[in-house]
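So this one's model.pdb, PDB, C-alpha atoms:
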```pdb
ATOM      1  CA  GLY N   1       5.873 -31.555 -28.524
ATOM      2  CA  GLY N   2       4.418 -34.800 -27.253
ATOM      3  CA  GLY N   3       6.829 -34.946 -24.263
ATOM      4  CA  GLY N   4       5.635 -31.567 -22.958
ATOM      5  CA  GLY N   5       2.014 -32.725 -23.198
ATOM      6  CA  LYS N   6       2.721 -35.834 -21.130
ATOM      7  CA  LYS N   7       4.421 -33.830 -18.401
ATOM      8  CA  LYS N   8       1.464 -31.474 -18.195
ATOM      9  CA  LYS N   9      -0.914 -34.411 -17.821
ATOM     10  CA  LYS N  10       1.010 -35.746 -14.831
ATOM     11  CA  LYS N  11       0.404 -32.457 -13.007
ATOM     12  CA  GLY N  12      -3.365 -32.870 -13.333
ATOM     13  CA  LYS N  13      -5.565 -34.149 -10.566
ATOM     14  CA  LYS N  14      -5.804 -37.724 -11.842
ATOM     15  CA  GLY N  15      -2.168 -38.171 -12.843
ATOM     16  CA  ARG N  16      -0.352 -37.474  -9.599
ATOM     17  CA  LEU N  17       2.953 -39.217  -9.092
ATOM     18  CA  PRO N  18       3.768 -41.496  -6.149
ATOM     19  CA  PRO N  19       6.010 -40.027  -3.418
ATOM     20  CA  PRO N  20       9.761 -40.107  -4.181
ATOM     21  CA  PRO N  21      11.708 -43.026  -2.654
ATOM     22  CA  GLY N  22      12.468 -42.678   1.047
ATOM     23  CA  LEU N  23       9.366 -40.648   1.901
ATOM     24  CA  ARG N  24       6.431 -41.998   3.848
ATOM     25  CA  PRO N  25       3.122 -42.830   2.175
ATOM     26  CA  GLY N  26       0.985 -39.693   1.966
ATOM     27  CA  SER N  27       3.934 -37.373   1.314
ATOM     28  CA  HIS N  28       3.752 -34.564  -1.240
ATOM     29  CA  THR N  29       5.094 -35.368  -4.708
ATOM     30  CA  GLY N  30       6.029 -31.759  -5.502
ATOM     31  CA  ALA N  31       7.708 -28.847  -3.753
ATOM     32  CA  VAL N  32       6.115 -27.656  -0.503
ATOM     33  CA  MET N  33       5.219 -23.981  -1.044
ATOM     34  CA  SER N  34       3.431 -23.006   2.156
ATOM     35  CA  LEU N  35       2.980 -24.086   5.791
ATOM     36  CA  SER N  36       0.580 -23.059   8.554
ATOM     37  CA  TRP N  37       0.444 -24.201  12.199
ATOM     38  CA  ASN N  38      -2.999 -24.635  13.731
ATOM     39  CA  LYS N  39      -3.442 -22.263  16.689
ATOM     40  CA  VAL N  40      -6.109 -24.422  18.355
ATOM     41  CA  HIS N  41      -4.745 -27.924  17.726
ATOM     42  CA  ARG N  42      -1.095 -27.006  18.180
ATOM     43  CA  GLN N  43       0.261 -30.346  16.932
ATOM     44  CA  VAL N  44      -1.417 -29.886  13.529
ATOM     45  CA  LEU N  45       0.370 -28.484  10.491
ATOM     46  CA  ALA N  46      -1.101 -27.738   7.050
ATOM     47  CA  SER N  47       1.007 -27.730   3.874
ATOM     48  CA  GLY N  48       0.339 -26.539   0.333
ATOM     49  CA  SER N  49       2.308 -27.986  -2.560
ATOM     50  CA  ALA N  50       3.230 -27.695  -6.215
ATOM     51  CA  ASP N  51       1.531 -31.078  -6.631
ATOM     52  CA  SER N  52      -1.815 -29.174  -6.318
ATOM     53  CA  THR N  53      -2.716 -30.765  -2.989
ATOM     54  CA  VAL N  54      -3.147 -29.526   0.570
ATOM     55  CA  LYS N  55      -2.236 -31.905   3.386
ATOM     56  CA  VAL N  56      -2.944 -31.841   7.114
ATOM     57  CA  TRP N  57      -0.317 -33.414   9.381
ATOM     58  CA  ASP N  58      -0.435 -34.542  13.015
ATOM     59  CA  VAL N  59       3.207 -34.134  14.041
ATOM     60  CA  THR N  60       2.755 -36.230  17.188
ATOM     61  CA  ARG N  61       2.674 -39.228  14.834
ATOM     62  CA  ALA N  62       5.963 -38.356  13.140
ATOM     63  CA  ASP N  63       8.222 -40.275  15.554
ATOM     64  CA  ASN N  64       6.740 -43.668  14.756
ATOM     65  CA  PRO N  65       7.999 -44.877  11.341
ATOM     66  CA  LYS N  66       5.012 -47.217  11.077
ATOM     67  CA  ASP N  67       2.510 -44.436  11.712
ATOM     68  CA  ASN N  68       1.250 -42.073   9.013
ATOM     69  CA  PRO N  69       1.321 -38.444  10.199
ATOM     70  CA  CYS N  70      -0.766 -37.343   7.175
ATOM     71  CA  ALA N  71      -4.280 -36.975   8.601
ATOM     72  CA  ALA N  72      -5.972 -35.719   5.418
ATOM     73  CA  THR N  73      -5.307 -34.771   1.791
ATOM     74  CA  PHE N  74      -7.339 -32.135  -0.062
ATOM     75  CA  THR N  75      -7.540 -32.040  -3.853
ATOM     76  CA  HIS N  76      -9.756 -29.004  -4.472
ATOM     77  CA  HIS N  77      -7.100 -26.959  -6.340
ATOM     78  CA  ARG N  78      -6.194 -27.516  -9.993
ATOM     79  CA  ASP N  79      -2.734 -25.935  -9.880
ATOM     80  CA  LYS N  80       0.072 -25.214  -7.401
ATOM     81  CA  VAL N  81      -1.049 -24.278  -3.889
ATOM     82  CA  GLN N  82       0.891 -21.165  -2.982
ATOM     83  CA  SER N  83      -0.589 -20.321   0.415
ATOM     84  CA  VAL N  84      -2.413 -22.002   3.325
ATOM     85  CA  ALA N  85      -3.647 -20.380   6.552
ATOM     86  CA  TRP N  86      -5.578 -21.815   9.493
ATOM     87  CA  HIS N  87      -8.267 -19.608  10.987
ATOM     88  CA  PRO N  88      -6.965 -17.910  14.184
ATOM     89  CA  SER N  89      -9.588 -19.470  16.474
ATOM     90  CA  GLU N  90     -11.748 -21.937  14.487
ATOM     91  CA  GLY N  91      -9.500 -24.991  14.623
ATOM     92  CA  THR N  92     -11.020 -26.876  11.672
ATOM     93  CA  VAL N  93     -11.295 -23.992   9.181
ATOM     94  CA  LEU N  94      -8.480 -23.748   6.650
ATOM     95  CA  ALA N  95      -8.043 -21.168   3.881
ATOM     96  CA  THR N  96      -5.997 -21.985   0.768
ATOM     97  CA  GLY N  97      -4.912 -20.051  -2.314
ATOM     98  CA  GLY N  98      -3.444 -21.324  -5.562
ATOM     99  CA  PHE N  99      -2.188 -20.639  -9.046
ATOM    100  CA  ASP N 100      -5.597 -21.724 -10.357
ATOM    101  CA  ARG N 101      -6.693 -18.187  -9.413
ATOM    102  CA  THR N 102      -8.919 -19.286  -6.557
ATOM    103  CA  VAL N 103      -9.098 -18.822  -2.802
ATOM    104  CA  CYS N 104     -10.859 -21.657  -0.990
ATOM    105  CA  LEU N 105     -12.284 -22.428   2.447
ATOM    106  CA  VAL N 106     -12.304 -26.033   3.612
ATOM    107  CA  ASP N 107     -13.446 -27.865   6.729
ATOM    108  CA  ALA N 108     -10.562 -30.086   7.851
ATOM    109  CA  ARG N 109     -13.021 -32.733   9.048
ATOM    110  CA  THR N 110     -14.410 -33.310   5.543
ATOM    111  CA  PRO N 111     -11.643 -33.536   2.880
ATOM    112  CA  ASP N 112     -14.160 -33.612   0.032
ATOM    113  CA  ALA N 113     -13.224 -31.342  -2.880
ATOM    114  CA  ALA N 114     -16.897 -30.822  -3.723
ATOM    115  CA  LEU N 115     -17.511 -29.159  -0.334
ATOM    116  CA  ALA N 116     -14.737 -26.570  -0.664
ATOM    117  CA  LYS N 117     -16.046 -23.014  -0.928
ATOM    118  CA  ARG N 118     -14.355 -21.080  -3.732
ATOM    119  CA  ALA N 119     -13.793 -17.475  -4.753
ATOM    120  CA  LYS N 120     -12.150 -16.314  -7.968
ATOM    121  CA  LEU N 121      -9.136 -14.035  -8.164
ATOM    122  CA  PRO N 122      -8.067 -11.793 -11.071
ATOM    123  CA  ALA N 123      -4.615 -13.470 -11.121
ATOM    124  CA  ASP N 124      -2.564 -16.179  -9.367
ATOM    125  CA  CYS N 125      -2.774 -16.106  -5.575
ATOM    126  CA  GLU N 126       0.504 -15.119  -3.917
ATOM    127  CA  SER N 127      -0.507 -14.944  -0.250
ATOM    128  CA  ILE N 128      -3.486 -15.141   2.103
ATOM    129  CA  ALA N 129      -3.939 -13.869   5.668
ATOM    130  CA  TRP N 130      -6.665 -13.700   8.305
ATOM    131  CA  ASP N 131      -7.285 -10.421  10.114
ATOM    132  CA  PRO N 132      -6.419 -11.437  13.723
ATOM    133  CA  HIS N 133      -8.584  -8.666  15.197
ATOM    134  CA  ARG N 134     -11.637  -9.092  12.960
ATOM    135  CA  GLN N 135     -11.456 -12.791  12.385
ATOM    136  CA  GLN N 136     -14.313 -13.009   9.904
ATOM    137  CA  PHE N 137     -12.132 -11.264   7.313
ATOM    138  CA  LEU N 138      -9.765 -13.140   4.985
ATOM    139  CA  SER N 139      -7.449 -11.295   2.588
ATOM    140  CA  ALA N 140      -5.637 -12.527  -0.523
ATOM    141  CA  ALA N 141      -2.826 -10.931  -2.529
ATOM    142  CA  SER N 142      -2.645 -11.518  -6.277
ATOM    143  CA  GLU N 143       0.089 -11.471  -8.868
ATOM    144  CA  ASP N 144      -1.523  -8.496 -10.645
ATOM    145  CA  GLY N 145      -1.110  -6.234  -7.569
ATOM    146  CA  THR N 146      -4.661  -6.662  -6.244
ATOM    147  CA  VAL N 147      -5.605  -7.308  -2.615
ATOM    148  CA  SER N 148      -9.114  -8.685  -1.998
ATOM    149  CA  THR N 149     -10.882  -9.226   1.338
ATOM    150  CA  TRP N 150     -13.908 -11.416   2.074
ATOM    151  CA  ASP N 151     -16.273 -11.684   5.002
ATOM    152  CA  VAL N 152     -16.195 -15.488   5.171
ATOM    153  CA  ARG N 153     -19.691 -15.564   6.683
ATOM    154  CA  GLN N 154     -20.866 -14.408   3.230
ATOM    155  CA  PHE N 155     -18.047 -15.860   1.151
ATOM    156  CA  GLU N 156     -20.222 -16.610  -1.900
ATOM    157  CA  ASN N 157     -21.203 -12.929  -2.187
ATOM    158  CA  GLY N 158     -17.719 -11.926  -3.305
ATOM    159  CA  PRO N 159     -15.146  -9.691  -1.617
ATOM    160  CA  VAL N 160     -16.237  -6.824   0.601
ATOM    161  CA  HIS N 161     -13.534  -4.815  -1.146
ATOM    162  CA  SER N 162     -10.801  -5.274  -3.745
ATOM    163  CA  PHE N 163      -8.135  -2.713  -4.614
ATOM    164  CA  VAL N 164      -4.805  -2.359  -6.401
ATOM    165  CA  ALA N 165      -2.150  -2.194  -3.682
ATOM    166  CA  HIS N 166       0.940  -2.127  -5.931
ATOM    167  CA  GLU N 167       0.414  -0.731  -9.391
ATOM    168  CA  PHE N 168       3.864  -1.487 -10.809
ATOM    169  CA  GLY N 169       4.469  -4.963  -9.445
ATOM    170  CA  GLY N 170       2.451  -7.912  -8.190
ATOM    171  CA  VAL N 171       1.814  -8.216  -4.448
ATOM    172  CA  SER N 172       4.046 -11.018  -3.206
ATOM    173  CA  ASP N 173       2.968 -11.078   0.453
ATOM    174  CA  LEU N 174       0.748  -9.396   3.046
ATOM    175  CA  SER N 175       0.712  -9.414   6.839
ATOM    176  CA  TYR N 176      -1.575  -8.102   9.585
ATOM    177  CA  SER N 177      -0.056  -6.695  12.747
ATOM    178  CA  PRO N 178      -0.877  -8.914  15.752
ATOM    179  CA  LYS N 179      -0.459  -5.913  18.079
ATOM    180  CA  VAL N 180      -2.163  -3.073  16.160
ATOM    181  CA  PRO N 181      -5.740  -3.653  14.971
ATOM    182  CA  GLY N 182      -6.190  -2.539  11.386
ATOM    183  CA  LEU N 183      -2.508  -2.226  10.499
ATOM    184  CA  MET N 184      -1.692  -4.261   7.390
ATOM    185  CA  ALA N 185       1.519  -4.370   5.356
ATOM    186  CA  THR N 186       1.994  -5.484   1.751
ATOM    187  CA  CYS N 187       5.133  -5.983  -0.309
ATOM    188  CA  ALA N 188       5.775  -6.442  -3.996
ATOM    189  CA  ILE N 189       8.305  -6.898  -6.745
ATOM    190  CA  ASP N 190       8.247  -3.074  -7.084
ATOM    191  CA  LYS N 191      10.730  -3.202  -4.118
ATOM    192  CA  HIS N 192       8.400  -1.377  -1.698
ATOM    193  CA  VAL N 193       6.592  -2.183   1.533
ATOM    194  CA  LYS N 194       3.287  -0.334   1.935
ATOM    195  CA  LEU N 195       1.215   0.181   5.092
ATOM    196  CA  TRP N 196      -2.588   0.264   5.181
ATOM    197  CA  ASP N 197      -5.326   1.083   7.682
ATOM    198  CA  CYS N 198      -8.033  -1.585   7.369
ATOM    199  CA  HIS N 199     -10.080  -0.364  10.349
ATOM    200  CA  SER N 200     -10.478   3.322   9.526
ATOM    201  CA  PRO N 201     -12.863   4.996  12.008
ATOM    202  CA  ASP N 202     -16.380   5.571  10.618
ATOM    203  CA  ALA N 203     -15.489   3.734   7.386
ATOM    204  CA  PRO N 204     -17.630   0.703   6.488
ATOM    205  CA  SER N 205     -15.858  -2.565   5.702
ATOM    206  CA  SER N 206     -16.762  -2.132   2.027
ATOM    207  CA  ILE N 207     -14.328   0.807   1.790
ATOM    208  CA  PRO N 208     -10.815  -0.325   0.757
ATOM    209  CA  PRO N 209      -7.989   0.208   3.288
ATOM    210  CA  HIS N 210      -6.511   3.683   3.598
ATOM    211  CA  PRO N 211      -2.838   3.983   2.459
ATOM    212  CA  CYS N 212      -0.643   5.188   5.325
ATOM    213  CA  GLY N 213       2.939   5.028   4.135
ATOM    214  CA  MET N 214       5.509   3.223   2.038
ATOM    215  CA  ARG N 215       9.222   2.554   1.896
ATOM    216  CA  ASP N 216      11.803   1.262  -0.564
ATOM    217  CA  MET N 217      13.470  -1.419   1.559
ATOM    218  CA  LYS N 218      16.632  -1.641  -0.602
ATOM    219  CA  VAL N 219      16.502  -5.435  -0.798
ATOM    220  CA  GLY N 220      15.508  -5.751  -4.458
ATOM    221  CA  LYS N 221      12.207  -7.330  -5.435
ATOM    222  CA  ILE N 222      10.492  -8.188  -2.153
ATOM    223  CA  HIS N 223       9.137 -11.733  -1.842
ATOM    224  CA  THR N 224       8.031 -11.968   1.794
ATOM    225  CA  LEU N 225       7.309  -9.875   4.892
ATOM    226  CA  ASN N 226       5.979 -10.310   8.410
ATOM    227  CA  PHE N 227       5.266  -8.255  11.508
ATOM    228  CA  TYR N 228       7.324  -9.068  14.593
ATOM    229  CA  PRO N 229       4.832 -10.675  17.021
ATOM    230  CA  ASP N 230       6.018  -8.823  20.151
ATOM    231  CA  SER N 231       6.444  -5.294  18.797
ATOM    232  CA  PRO N 232       3.714  -3.095  17.310
ATOM    233  CA  TRP N 233       6.039  -1.237  14.946
ATOM    234  CA  LEU N 234       8.619  -3.721  13.639
ATOM    235  CA  VAL N 235       8.196  -5.399  10.255
ATOM    236  CA  GLY N 236      10.759  -7.560   8.460
ATOM    237  CA  CYS N 237      11.066  -8.431   4.781
ATOM    238  CA  GLY N 238      13.359 -10.229   2.355
ATOM    239  CA  GLY N 239      13.918 -10.116  -1.358
ATOM    240  CA  SER N 240      15.981 -10.788  -4.438
ATOM    241  CA  GLY N 241      18.976  -8.895  -3.027
ATOM    242  CA  ASN N 242      19.747 -11.854  -0.722
ATOM    243  CA  THR N 243      19.131  -9.572   2.259
ATOM    244  CA  VAL N 244      16.691  -9.351   5.145
ATOM    245  CA  ALA N 245      15.620  -5.802   6.113
ATOM    246  CA  LEU N 246      13.822  -4.491   9.206
ATOM    247  CA  TRP N 247      11.633  -1.392   9.312
ATOM    248  CA  GLU N 248      10.848   0.151  12.686
ATOM    249  CA  ILE N 249       7.853   2.228  11.721
ATOM    250  CA  GLY N 250       8.144   5.739  13.101
ATOM    251  CA  GLY N 251      11.672   5.179  14.361
ATOM    252  CA  ASP N 252      13.333   6.977  11.454
ATOM    253  CA  GLU N 253      12.818   9.709   8.911
ATOM    254  CA  GLY N 254      10.706   7.475   6.634
ATOM    255  CA  GLU N 255       7.847   8.831   4.583
ATOM    256  CA  GLY N 256       5.228   9.953   7.117
ATOM    257  CA  THR N 257       6.104   7.280   9.653
ATOM    258  CA  SER N 258       5.629   9.481  12.750
ATOM    259  CA  MET N 259       2.107  10.221  11.494
ATOM    260  CA  ILE N 260       1.548   6.459  11.267
ATOM    261  CA  ARG N 261       2.328   6.067  14.969
ATOM    262  CA  ASN N 262      -0.057   8.906  15.749
ATOM    263  CA  ARG N 263      -2.767   7.228  13.694
ATOM    264  CA  PHE N 264      -2.428   3.759  15.218
ATOM    265  CA  GLY N 265      -0.890   4.446  18.647
ATOM    266  CA  SER N 266      -4.159   4.400  20.605
ATOM    267  CA  ARG N 267      -5.101   0.985  19.166
ATOM    268  CA  ILE N 268      -2.129  -1.045  20.441
ATOM    269  CA  VAL N 269      -3.168  -4.330  22.056
ATOM    270  CA  HIS N 270      -0.677  -5.122  24.813
ATOM    271  CA  ASN N 271      -1.727  -8.741  25.229
ATOM    272  CA  PRO N 272      -3.687 -10.106  22.273
ATOM    273  CA  GLY N 273      -4.372 -13.386  24.167
ATOM    274  CA  GLY N 274      -4.441 -16.808  22.571
ATOM    275  CA  THR N 275      -1.203 -18.773  22.801
ATOM    276  CA  ASP N 276       0.581 -15.857  24.540
ATOM    277  CA  GLU N 277      -1.751 -16.047  27.548
ATOM    278  CA  ARG N 278      -1.593 -19.846  27.565
ATOM    279  CA  SER N 279       2.219 -19.812  27.525
ATOM    280  CA  ILE N 280       2.341 -17.320  30.417
ATOM    281  CA  LYS N 281       0.021 -19.510  32.484
ATOM    282  CA  GLU N 282       2.166 -22.556  31.815
ATOM    283  CA  GLU N 283       5.305 -20.649  32.834
ATOM    284  CA  GLU N 284       3.599 -19.650  36.087
ATOM    285  CA  GLY N 285       3.064 -23.309  36.970
ATOM    286  CA  GLU N 286      -0.436 -24.019  35.697
ATOM    287  CA  PRO N 287      -0.592 -27.458  34.050
ATOM    288  CA  PRO N 288      -0.803 -27.260  30.237
ATOM    289  CA  LYS N 289      -4.176 -28.033  28.766
ATOM    290  CA  LYS N 290      -4.234 -31.468  27.158
ATOM    291  CA  GLU N 291      -4.325 -31.184  23.377
ATOM    292  CA  GLU N 292      -7.434 -32.553  21.726
ATOM    293  CA  ASP N 293      -6.782 -35.590  19.536
ATOM    294  CA  PHE N 294      -7.039 -34.133  16.050
ATOM    295  CA  GLU N 295      -7.531 -37.546  14.506
ATOM    296  CA  ALA N 296     -10.584 -38.012  16.744
ATOM    297  CA  VAL N 297     -11.864 -34.574  15.767
ATOM    298  CA  MET N 298     -11.604 -35.494  12.098
ATOM    299  CA  LYS N 299     -13.332 -38.810  12.691
ATOM    300  CA  ALA N 300     -16.275 -36.951  14.221
ATOM    301  CA  GLY N 301     -17.630 -37.293  10.721
ATOM    302  CA  ASP N 302     -20.203 -35.638   8.561
ATOM    303  CA  GLU N 303     -22.647 -34.860  11.356
ATOM    304  CA  ALA N 304     -20.172 -32.591  13.174
ATOM    305  CA  ALA N 305     -19.127 -31.003   9.897
ATOM    306  CA  LYS N 306     -22.761 -30.377   9.001
ATOM    307  CA  LYS N 307     -23.339 -28.600  12.326
ATOM    308  CA  ALA N 308     -20.209 -26.491  11.757
ATOM    309  CA  ARG N 309     -21.423 -25.487   8.308
ATOM    310  CA  GLU N 310     -25.076 -24.885   9.156
ATOM    311  CA  GLY N 311     -25.429 -23.908  12.797
ATOM    312  CA  ALA N 312     -22.445 -21.933  13.997
ATOM    313  CA  ALA N 313     -22.070 -18.187  13.760
ATOM    314  CA  GLY N 314     -19.051 -15.924  13.681
ATOM    315  CA  GLY N 315     -15.784 -15.737  11.729
ATOM    316  CA  GLY N 316     -14.651 -18.667   9.671
ATOM    317  CA  VAL N 317     -17.917 -20.639   9.658
ATOM    318  CA  ILE N 318     -18.432 -22.879   6.670
ATOM    319  CA  LYS N 319     -21.970 -23.393   5.440
ATOM    320  CA  ARG N 320     -23.204 -26.064   3.081
ATOM    321  CA  LYS N 321     -22.854 -24.990  -0.490
ATOM    322  CA  GLY N 322     -26.088 -24.620  -2.398
ATOM    323  CA  LYS N 323     -26.755 -25.482  -6.008
ATOM    324  CA  LYS N 324     -25.915 -21.981  -7.138
ATOM    325  CA  LYS N 325     -22.400 -22.767  -8.173
ATOM    326  CA  LYS N 326     -20.713 -19.936 -10.003
ATOM    327  CA  LYS N 327     -20.996 -16.508  -8.484
ATOM    328  CA  LYS N 328     -18.252 -14.212  -9.652
ATOM    329  CA  ALA N 329     -16.143 -12.983  -6.774
ATOM    330  CA  HIS N 330     -15.243  -9.740  -8.492
ATOM    331  CA  ARG N 331     -14.046  -8.231 -11.743
ATOM    332  CA  LYS N 332     -12.277 -10.359 -14.313
ATOM    333  CA  GLY N 333      -8.521 -10.171 -14.582
ATOM    334  CA  GLN N 334      -7.063  -8.389 -17.545
TER     335      GLN N 334
END
```
What do you get writing this file as structure tokens?
Amino acid sequence: GGGGGKKKKKKGKKGRLPPPPGLRPGSHTGAVMSLSWNKVHRQVLASGSADSTVKVWDVTRADNPKDNPCAATFTHHRDKVQSVAWHPSEGTVLATGGFDRTVCLVDARTPDAALAKRAKLPADCESIAWDPHRQQFLSAASEDGTVSTWDVRQFENGPVHSFVAHEFGGVSDLSYSPKVPGLMATCAIDKHVKLWDCHSPDAPSSIPPHPCGMRDMKVGKIHTLNFYPDSPWLVGCGGSGNTVALWEIGGDEGEGTSMIRNRFGSRIVHNPGGTDERSIKEEEGEPPKKEEDFEAVMKAGDEAAKKAREGAAGGGVIKRKGKKKKKKAHRKGQ
């Protein structure tokens, strides 16, 4: 009826509601569905919401009631934003995925929807993740069970590979191991966690990951999973059974798990660097590096953003979008 139509209109880009009473200006007007801490600017948090927006927050401003911690708002999605993920080392590059069946790359210094780079998905986006060991690769899990991976240096060319990870239930989450290069886990409403080798020796990046093992975690439909950051073999998950389950890969009689350790054992990274190294230095008495003022970074303006898009090389670089607008990322959803 007419009432349903009005409600739908309010969800659109131009009909967003004001924040509920008691919240600061700039707050989301719908449920917050995803969060991601910036690994370079450690005081910066990104959030994706059911109100179709992505917001960037400077938490150092949160203590002052008169200050607005919302540094930027992005409006490039047309439906709920299910997942956000900062690039592991490029502090202004943010990936987002939504129920509008798109994955996007944005430059946090230029919150202009027209500059967002977009790729189509065959179904709603459930999760996105950067490969921490090959940081030019971004992966997205879809509701139809598909996992797609892009080389973001050639984002407009479509995914380097796309494959069905879970045939009998949509992929609800995916996670890369921070300790084992190439080890990726996916989970789904089919109640299983599956393990994949994304860095198979002698296999080009265009070849989909090699399946390495799977397990029914006995927690019902699985909604989320993550590798433990300090162990190469421990992965946790949770699902509809109101239970959290841990899988120590190779530590039991699971399906082929000892073979998994044999496959990946030589790749283990004992200190992946980044914040781990920085924390160790601080514990040993070295003064912490002063955080860069993110607000100042954002105010660097269009010139800095243009250089980031046009001149830089390596993972996560955003280039200016040309007039060729609609290149299909991959096959249409069914």
Taking the file as shown, find all residues satisfying the PyMOL selection byres ((chain N and resi 228-241) around 9) and write them as a ChimeraX atom specification. /N:177-180,185,187,189,191,193,217-227,242-251,261,265,268-270
Once the PyMOL selection byres ((chain N and resi 85) around 9) has been evaluated on this model, what residues remain selected, and can you format them as a PyMOL selection string? chain N and resi 34-38+46+83-84+86-88+93-97+128-130
Correct to one decimal, the distance atom CA of Pro69 of chain N-atom CA of Gly48 of chain N is 15.5 Å
For atom CA of Lys117 of chain N and atom CA of Gly26 of chain N, determine how far apart the two atoms are, in Å to one decimal place. 24.0 Å
d(atom CA of Val54 of chain N, atom CA of Val164 of chain N) in Å: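 Going from atom CA of Val54 of chain N over to atom CA of Val164 of chain N, I get 28.1 Å.
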